[in-house]
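Shown next: my_file.txt, given as compact mmCIF, C-alpha atoms.
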# COMPACT_ATOMS: atom_id res chain seq x y z
CA MET A 1 198.02 28.58 -8.71
CA ASN A 2 201.68 27.93 -9.21
CA VAL A 3 202.09 24.35 -10.33
CA GLN A 4 205.75 23.61 -10.69
CA ALA A 5 206.94 20.42 -12.32
CA PRO A 6 209.28 18.47 -10.02
CA PRO A 7 212.94 18.49 -11.07
CA GLU A 8 213.91 15.85 -13.62
CA ALA A 9 216.33 14.19 -11.21
CA VAL A 10 213.50 13.60 -8.74
CA VAL A 11 211.30 12.03 -11.41
CA GLU A 12 214.24 9.84 -12.41
CA ALA A 13 214.65 8.76 -8.79
CA VAL A 14 210.94 7.91 -8.58
CA LEU A 15 211.22 5.82 -11.72
CA ALA A 16 214.30 4.02 -10.38
CA PHE A 17 212.45 3.33 -7.12
CA ALA A 18 209.41 2.04 -9.05
CA ASP A 19 211.64 -0.24 -11.12
CA ASP A 20 213.26 -1.60 -7.94
CA GLU A 21 209.87 -2.37 -6.40
CA LEU A 22 208.47 -3.95 -9.58
CA VAL A 23 211.50 -6.16 -10.21
CA LEU A 24 211.89 -7.20 -6.57
CA GLY A 25 208.15 -7.90 -6.33
CA TRP A 26 208.49 -10.02 -9.42
CA ARG A 27 211.52 -11.92 -8.09
CA ASP A 28 209.88 -12.48 -4.69
CA SER A 29 206.70 -13.73 -6.34
CA GLU A 30 208.76 -16.55 -7.85
CA TRP A 31 208.43 -18.16 -4.40
CA THR A 32 204.65 -18.39 -4.61
CA GLY A 33 203.70 -22.03 -4.24
CA VAL A 34 207.23 -23.19 -3.44
CA ALA A 35 208.15 -21.29 -0.24
CA PRO A 36 209.52 -23.36 2.69
CA PHE A 37 206.10 -23.74 4.35
CA LEU A 38 202.53 -22.72 3.70
CA GLU A 39 202.28 -19.81 6.15
CA GLU A 40 205.44 -18.29 4.75
CA ASP A 41 204.23 -18.85 1.21
CA VAL A 42 201.16 -16.70 1.88
CA ALA A 43 203.10 -14.04 3.81
CA PHE A 44 205.92 -13.72 1.28
CA SER A 45 203.53 -13.67 -1.68
CA SER A 46 201.64 -10.89 0.05
CA ILE A 47 204.86 -8.92 0.48
CA ALA A 48 205.67 -9.43 -3.21
CA GLN A 49 202.25 -8.05 -4.10
CA GLY A 50 202.84 -5.16 -1.73
CA GLU A 51 206.03 -4.22 -3.60
CA ILE A 52 204.26 -4.37 -6.96
CA GLY A 53 201.47 -2.18 -5.56
CA HIS A 54 204.10 0.36 -4.49
CA ALA A 55 205.63 0.19 -7.97
CA ARG A 56 202.24 0.96 -9.50
CA ALA A 57 201.71 4.01 -7.29
CA LEU A 58 205.22 5.32 -8.07
CA TYR A 59 204.80 4.73 -11.81
CA GLU A 60 201.48 6.62 -11.72
CA LEU A 61 203.21 9.52 -10.04
CA ALA A 62 206.02 9.53 -12.62
CA ALA A 63 203.51 9.13 -15.48
CA GLY A 64 201.82 12.34 -14.36
CA VAL A 65 205.02 14.15 -15.35
CA LEU A 66 206.42 11.93 -18.11
CA GLY A 67 203.13 11.00 -19.80
CA GLY A 68 201.67 7.56 -20.39
CA ASP A 69 200.39 5.54 -17.45
CA ALA A 70 201.65 3.04 -14.89
CA ASP A 71 201.38 0.12 -17.32
CA THR A 72 203.26 1.79 -20.16
CA LEU A 73 206.10 2.68 -17.79
CA ALA A 74 206.11 -0.77 -16.17
CA PHE A 75 205.86 -2.89 -19.31
CA ASP A 76 206.39 -0.94 -22.54
CA ARG A 77 209.99 0.16 -22.07
CA GLU A 78 213.02 -1.60 -23.49
CA PRO A 79 215.19 -3.51 -20.99
CA ALA A 80 217.96 -0.91 -21.27
CA GLU A 81 215.55 1.82 -20.13
CA TYR A 82 214.91 0.24 -16.72
CA ARG A 83 216.79 1.83 -13.86
CA SER A 84 216.45 -0.97 -11.34
CA ALA A 85 219.44 -1.79 -9.17
CA PRO A 86 221.30 -5.02 -10.07
CA PHE A 87 220.54 -6.09 -6.47
CA VAL A 88 216.81 -6.60 -7.09
CA GLU A 89 217.41 -8.33 -10.42
CA LEU A 90 219.44 -11.24 -9.04
CA ALA A 91 217.60 -14.53 -9.55
CA LEU A 92 217.47 -16.11 -6.09
CA ALA A 93 214.44 -18.40 -6.37
CA GLY A 94 215.38 -21.70 -4.74
CA ASP A 95 217.88 -20.01 -2.43
CA TRP A 96 215.91 -19.10 0.68
CA ALA A 97 218.95 -17.90 2.67
CA GLY A 98 219.86 -15.55 -0.18
CA THR A 99 216.27 -14.42 -0.59
CA ILE A 100 215.94 -13.56 3.10
CA ALA A 101 219.34 -11.86 3.10
CA ARG A 102 218.20 -9.71 0.17
CA HIS A 103 214.80 -9.08 1.76
CA TRP A 104 216.39 -7.88 5.00
CA LEU A 105 219.06 -5.74 3.30
CA TYR A 106 216.53 -4.27 0.89
CA GLU A 107 214.00 -3.37 3.56
CA THR A 108 216.73 -1.75 5.64
CA ALA A 109 217.88 0.32 2.65
CA ASP A 110 214.30 1.05 1.68
CA ALA A 111 213.52 2.51 5.11
CA ILE A 112 216.31 5.06 4.54
CA ARG A 113 215.06 5.89 1.06
CA VAL A 114 211.40 6.18 2.08
CA ALA A 115 212.24 8.38 5.10
CA GLU A 116 214.06 10.76 2.79
CA LEU A 117 211.23 10.86 0.25
CA MET A 118 208.75 11.65 3.04
CA GLU A 119 210.62 14.97 3.32
CA SER A 120 210.37 15.66 -0.43
CA ASP A 121 209.36 19.13 -1.70
CA TRP A 122 207.03 17.37 -4.12
CA PRO A 123 203.92 17.00 -1.94
CA GLU A 124 202.46 14.04 -3.88
CA LEU A 125 205.74 12.15 -3.48
CA ALA A 126 206.01 12.96 0.22
CA GLY A 127 202.42 11.79 0.72
CA LEU A 128 202.94 8.58 -1.22
CA ALA A 129 206.15 7.82 0.69
CA ALA A 130 204.29 8.22 3.99
CA LYS A 131 201.57 5.88 2.77
CA MET A 132 204.13 3.31 1.60
CA ASP A 133 205.96 3.51 4.90
CA ARG A 134 202.90 2.22 6.75
CA GLU A 135 202.96 -0.96 4.67
CA GLU A 136 206.76 -1.17 4.65
CA ALA A 137 206.61 -1.31 8.44
CA TYR A 138 205.03 -4.74 8.08
CA HIS A 139 207.65 -5.79 5.52
CA ARG A 140 210.39 -4.67 7.90
CA LEU A 141 208.85 -6.63 10.78
CA HIS A 142 208.81 -9.73 8.61
CA ALA A 143 212.39 -9.16 7.43
CA GLU A 144 213.65 -8.58 10.97
CA MET A 145 212.02 -11.69 12.39
CA TRP A 146 213.60 -13.82 9.68
CA ARG A 147 216.95 -12.16 10.22
CA ASP A 148 216.74 -12.92 13.94
CA LYS A 149 215.94 -16.53 13.09
CA LEU A 150 218.74 -17.04 10.54
CA ARG A 151 221.38 -14.79 12.08
CA GLY A 152 224.61 -16.68 12.62
CA GLU A 153 223.62 -19.45 10.21
CA GLU A 154 226.44 -20.06 7.78
CA ARG A 155 224.39 -19.89 4.59
CA PHE A 156 222.60 -16.72 5.64
CA GLU A 157 225.78 -14.92 6.68
CA ALA A 158 227.52 -15.96 3.46
CA ALA A 159 224.58 -14.60 1.45
CA VAL A 160 224.67 -11.26 3.32
CA GLU A 161 228.40 -11.04 2.66
CA GLN A 162 227.92 -11.75 -1.03
CA LEU A 163 224.96 -9.39 -1.48
CA TRP A 164 226.34 -6.49 0.52
CA PRO A 165 227.98 -4.54 -2.39
CA TYR A 166 224.73 -4.96 -4.34
CA ALA A 167 222.56 -3.74 -1.44
CA LEU A 168 224.61 -0.54 -1.18
CA GLY A 169 223.78 0.14 -4.83
CA VAL A 170 220.09 0.61 -4.03
CA LEU A 171 220.94 3.93 -2.37
CA GLU A 172 222.68 7.04 -3.63
CA SER A 173 226.19 7.44 -2.24
CA PRO A 174 225.37 9.96 0.55
CA GLN A 175 222.90 7.50 2.11
CA ARG A 176 225.17 4.45 2.04
CA ALA A 177 227.01 5.20 5.28
CA ARG A 178 223.67 5.07 7.11
CA LEU A 179 222.90 1.65 5.64
CA ALA A 180 226.35 0.40 6.65
CA GLU A 181 225.67 1.65 10.17
CA LEU A 182 222.24 -0.04 10.38
CA VAL A 183 223.51 -3.32 8.97
CA GLY A 184 226.73 -3.21 11.00
CA ARG A 185 229.14 -3.64 8.10
CA GLU A 186 231.92 -1.66 6.49
CA GLU A 187 230.96 0.36 3.44
CA VAL A 188 232.48 -1.17 0.31
CA GLU A 189 232.31 -0.30 -3.38
CA ALA A 190 228.67 -0.49 -4.44
CA VAL A 191 227.26 -2.35 -7.43
CA VAL A 192 225.33 0.63 -8.73
CA ARG A 193 222.33 0.90 -11.02
CA GLY A 194 222.88 1.70 -14.69
CA SER A 195 223.57 -1.70 -16.15
CA HIS A 196 221.76 -5.02 -16.14
CA ASP A 197 223.16 -8.50 -16.08
CA ASP A 198 222.29 -11.12 -18.68
CA GLY A 199 219.43 -12.45 -16.59
CA PHE A 200 217.48 -9.22 -16.84
CA ALA A 201 216.59 -9.67 -20.52
CA ALA A 202 214.93 -13.00 -19.71
CA LEU A 203 213.11 -11.49 -16.75
CA HIS A 204 211.89 -8.57 -18.88
CA GLU A 205 210.76 -11.00 -21.57
CA GLU A 206 208.69 -12.90 -19.01
CA MET A 207 207.35 -9.80 -17.25
CA THR A 208 206.06 -8.21 -20.44
CA MET A 209 204.94 -11.40 -22.22
CA VAL A 210 201.21 -11.09 -21.61
CA ARG A 211 201.19 -7.36 -22.23
CA ARG A 212 202.98 -7.85 -25.58
CA SER A 213 200.73 -10.73 -26.62
CA VAL A 214 197.89 -8.34 -27.55
CA PRO A 215 199.44 -4.90 -28.09
CA GLY A 216 197.17 -2.03 -27.17
CA ALA A 217 194.54 -4.21 -25.52
CA SER A 218 192.75 -2.85 -22.51
CA TRP A 219 192.72 -5.48 -19.77
CA MET B 1 204.55 -25.55 16.49
CA ILE B 2 200.82 -25.00 16.09
CA TRP B 3 199.13 -21.80 17.24
CA GLU B 4 195.41 -21.12 17.58
CA VAL B 5 194.16 -17.71 16.56
CA PHE B 6 191.08 -16.05 18.02
CA ARG B 7 189.72 -12.90 16.48
CA GLN B 8 187.41 -10.14 17.54
CA GLU B 9 185.44 -8.71 14.68
CA ARG B 10 184.12 -5.63 16.45
CA GLU B 11 184.80 -4.01 19.76
CA GLY B 12 182.64 -5.44 22.52
CA GLN B 13 182.13 -8.75 20.76
CA PRO B 14 183.58 -12.00 22.08
CA LEU B 15 186.75 -13.33 20.51
CA GLN B 16 186.01 -16.32 18.33
CA HIS B 17 188.25 -19.03 16.97
CA GLY B 18 189.53 -17.99 13.55
CA GLY B 19 191.82 -20.88 12.69
CA SER B 20 195.25 -22.27 13.35
CA LEU B 21 198.67 -21.75 11.89
CA GLU B 22 202.16 -23.20 12.07
CA ALA B 23 205.03 -20.99 13.19
CA PRO B 24 208.44 -21.72 14.77
CA ASN B 25 208.12 -19.11 17.52
CA ARG B 26 205.93 -16.40 18.98
CA GLU B 27 207.35 -13.66 16.74
CA PHE B 28 206.48 -15.61 13.58
CA ALA B 29 203.09 -16.59 14.99
CA GLU B 30 202.23 -12.94 15.58
CA ALA B 31 203.32 -11.90 12.11
CA TYR B 32 201.39 -14.70 10.41
CA ALA B 33 198.29 -14.08 12.55
CA VAL B 34 198.30 -10.44 11.47
CA GLU B 35 198.86 -11.50 7.88
CA PHE B 36 195.97 -13.98 7.84
CA TYR B 37 193.45 -12.38 10.19
CA GLY B 38 194.24 -8.72 10.59
CA ARG B 39 195.78 -6.96 7.64
CA ARG B 40 192.52 -6.22 5.90
CA HIS B 41 190.93 -4.72 9.00
CA GLU B 42 188.76 -7.81 9.42
CA SER B 43 189.61 -7.98 13.13
CA VAL B 44 190.01 -5.38 15.88
CA ALA B 45 191.93 -7.73 18.19
CA LEU B 46 193.64 -11.12 17.98
CA TRP B 47 194.59 -13.70 20.56
CA VAL B 48 197.42 -15.99 19.50
CA VAL B 49 197.75 -19.04 21.71
CA PRO B 50 200.10 -22.03 21.50
CA ARG B 51 197.85 -25.05 20.97
CA GLU B 52 199.60 -26.89 23.81
CA ALA B 53 198.54 -24.12 26.23
CA ILE B 54 194.90 -24.91 25.60
CA VAL B 55 193.21 -27.33 28.00
CA GLU B 56 190.75 -29.30 25.98
CA ILE B 57 187.90 -31.06 27.74
CA ALA B 58 186.07 -33.27 25.32
CA GLU B 59 183.80 -36.32 25.29
CA PRO B 60 183.21 -38.42 27.33
CA TYR B 61 184.03 -36.14 30.26
CA VAL B 62 181.36 -33.60 29.50
CA ALA B 63 178.82 -36.20 28.46
CA ASP B 64 175.77 -36.83 30.62
CA VAL B 65 176.31 -40.56 31.12
CA PHE B 66 173.33 -41.12 33.41
CA ASP B 67 169.89 -40.09 32.43
CA ARG B 68 169.41 -37.10 34.65
CA ASP B 69 167.70 -34.75 32.31
CA TYR B 70 165.46 -33.62 35.16
CA ARG B 71 168.48 -31.59 36.24
CA ARG B 72 168.39 -29.64 33.04
CA VAL B 73 166.31 -26.57 32.66
CA ASP B 74 165.70 -27.07 28.98
CA GLY B 75 162.66 -29.11 28.04
CA TYR B 76 160.80 -27.72 31.02
CA SER B 77 158.31 -25.43 29.42
CA LEU B 78 157.37 -22.61 31.70
CA LYS B 79 154.82 -21.50 29.14
CA VAL B 80 152.84 -24.76 29.47
CA LYS B 81 152.99 -24.72 33.27
CA LEU B 82 151.89 -21.11 33.31
CA ARG B 83 148.95 -21.78 30.99
CA GLU B 84 147.83 -24.69 33.14
CA ALA B 85 148.11 -22.59 36.29
CA ARG B 86 146.12 -19.78 34.72
CA GLU B 87 143.42 -22.21 33.58
CA ARG B 88 143.17 -23.59 37.10
CA ALA B 89 142.92 -20.10 38.49
CA GLY B 90 140.39 -19.16 35.82
CA THR B 91 142.42 -16.18 34.63
CA ALA B 92 143.37 -17.54 31.17

Please express what this file holds, its structure, as structure tokens.
Amino acid sequence: MNVQAPPEAVVEAVLAFADDELVLGWRDSEWTGVAPFLEEDVAFSSIAQGEIGHARALYELAAGVLGGDADTLAFDREPAEYRSAPFVELALAGDWAGTIARHWLYETADAIRVAELMESDWPELAGLAAKMDREEAYHRLHAEMWRDKLRGEERFEAAVEQLWPYALGVLESPQRARLAELVGREEVEAVVRGSHDDGFAALHEEMTMVRRSVPGASW
Amino acid sequence: MIWEVFRQEREGQPLQHGGSLEAPNREFAEAYAVEFYGRRHESVALWVVPREAIVEIAEPYVADVFDRDYRRVDGYSLKVKLREARERAGTA
């Protein structure tokens, strides 16, 4: 049997994707208990959990090549080692228009990314992407219905405008034109992954707090 | 706007009331109904109905105000009548 390790760049991309899903899931979960109304609270919390579940599956896949496990990749790295896009790191809790703008832009970008990964030469990755896509279809439905509802509202449109350069940074440059086409905006200079803003350290601190409280414990 | 959700647990079974939810329009109502009653494969079909579309007929309209229980078939024990008839016929 010829088992070939996937190229390093692909593993890096999987890790970046996992980091996006973990951080966005974390940010979205900040709405649990304080969403605009009860039904939405349950639905949005469920989506946040969905993203974190995707992160876990992607980390497991990466861990198979890099060593360790999903938890060590998710919680034992230093803040500077995370490859998440600045887009998902923005703290938007309390700003529902901004949160929905990000949700819609992210899901639209994610559909492009997942479709590409479904064609991957790495069969495990292609399979996982196909599995994720079935759940993402529900996320997209939710994002689209909110977009239809808020479209044309001043606060929502302002948030889309403001977040647009960040949203482009979720994708690699060859895929950005497609996102611009789907969203109906001009492509601008993207806020790309590779650096974190000041808020990320605090988020990382919070995300890893329980894990660090008893190092090496099995939960 | 309040929506009532009916769910069918298995094919062939009647749809039963699952609960209600609040949603601003039909699109949201569908998404929330799926979220609450369908995503874990606990239902094979859902009916989502605006509460205002439901015609409710409640007390006292359905109450039997006069004592006409002779019109009802319950309480009339066929078993007893049959036993008596058989005894009379001597076939018990």

Would you tabulate, counting all atoms listed in the file, all residues of chain B that have an atom at most 10 Å from an atom of chain A, showing the closest pair of atoms and their distance in Å to one decimal, sorted by chain then ascending number, as a Markdown table?
| residue | atom | partner | partner_atom | distance |
| --- | --- | --- | --- | --- |
| B:Leu21 | CA | A:Glu39 | CA | 7.1 |
| B:Glu22 | CA | A:Glu39 | CA | 6.8 |
| B:Ala23 | CA | A:Glu39 | CA | 7.6 |
| B:Pro24 | CA | A:Lys149 | CA | 9.3 |
| B:Asn25 | CA | A:Lys149 | CA | 9.4 |
| B:Glu27 | CA | A:Met145 | CA | 6.7 |
| B:Phe28 | CA | A:Met145 | CA | 6.9 |
| B:Ala29 | CA | A:Glu39 | CA | 9.4 |
| B:Ala31 | CA | A:His142 | CA | 6.9 |
| B:Tyr32 | CA | A:Glu39 | CA | 6.7 |
| B:Ala33 | CA | A:Glu39 | CA | 9.5 |
| B:Val34 | CA | A:Tyr138 | CA | 9.4 |
| B:Glu35 | CA | A:Ala43 | CA | 6.4 |
| B:Phe36 | CA | A:Ala43 | CA | 8.2 |
| B:Arg39 | CA | A:Tyr138 | CA | 9.5 |

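Close contacts of stretch 58-73 of chain A, defined as residues with an atom at most 7 Å away when counting all atoms listed in the file, with chain neighbours fewer than 6 positions off set aside, comprise Val11, Val14, Leu15 and Ala18 of chain A.
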
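We find atom CA of A:Arg147 and atom CA of A:Glu161 to be spaced 13.8 Å apart.
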
Would you pick out the contacts of B:Glu11 at 10 Å or less, using only C-alpha atoms, so that residues sharing its chain but fewer than 4 positions from it are not included, and give the list as number ranges by chain? B: 15, 43-45

Spatial neighbours of stretch 197-204 of chain A, 9 Å, all atoms listed in the file, chain gap at least 6 places, as a ChimeraX atom specification: /A:23,26-27,75,78-80,86,89-91

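Relative to atom CA of A:Arg176, atom CA of A:Asp121 is found at 21.9 Å.
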
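The coordinates place atom CA of A:Val183 at 23.2 Å from atom CA of A:Ala13.
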
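Among the candidates A:Ala74, A:Leu168, A:Arg102, A:Gln175, the one nearest to A:Ala115 when counting only C-alpha atoms is A:Gln175.
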
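All protein, DNA and RNA residues at most 12 Å from (215.8, -19.4, -4.6) are A:Arg27, A:Asp28, A:Ser29, A:Glu30, A:Trp31, A:Thr32, A:Val34, A:Ala35, A:Pro36, A:Leu90, A:Ala91, A:Leu92, A:Ala93, A:Gly94, A:Asp95, A:Trp96, A:Ala97, A:Gly98, A:Thr99, A:Ile100, A:Ala101, A:Arg102, A:Ala159, using only C-alpha atoms.
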
Select, counting only C-alpha atoms, all protein, DNA and RNA residues no farther than 8 Å from (187.7, -8.4, 11.0) in file coordinates, and express the selection as a VMD selection string. chain B and resid 7 to 10 37 to 38 40 to 44
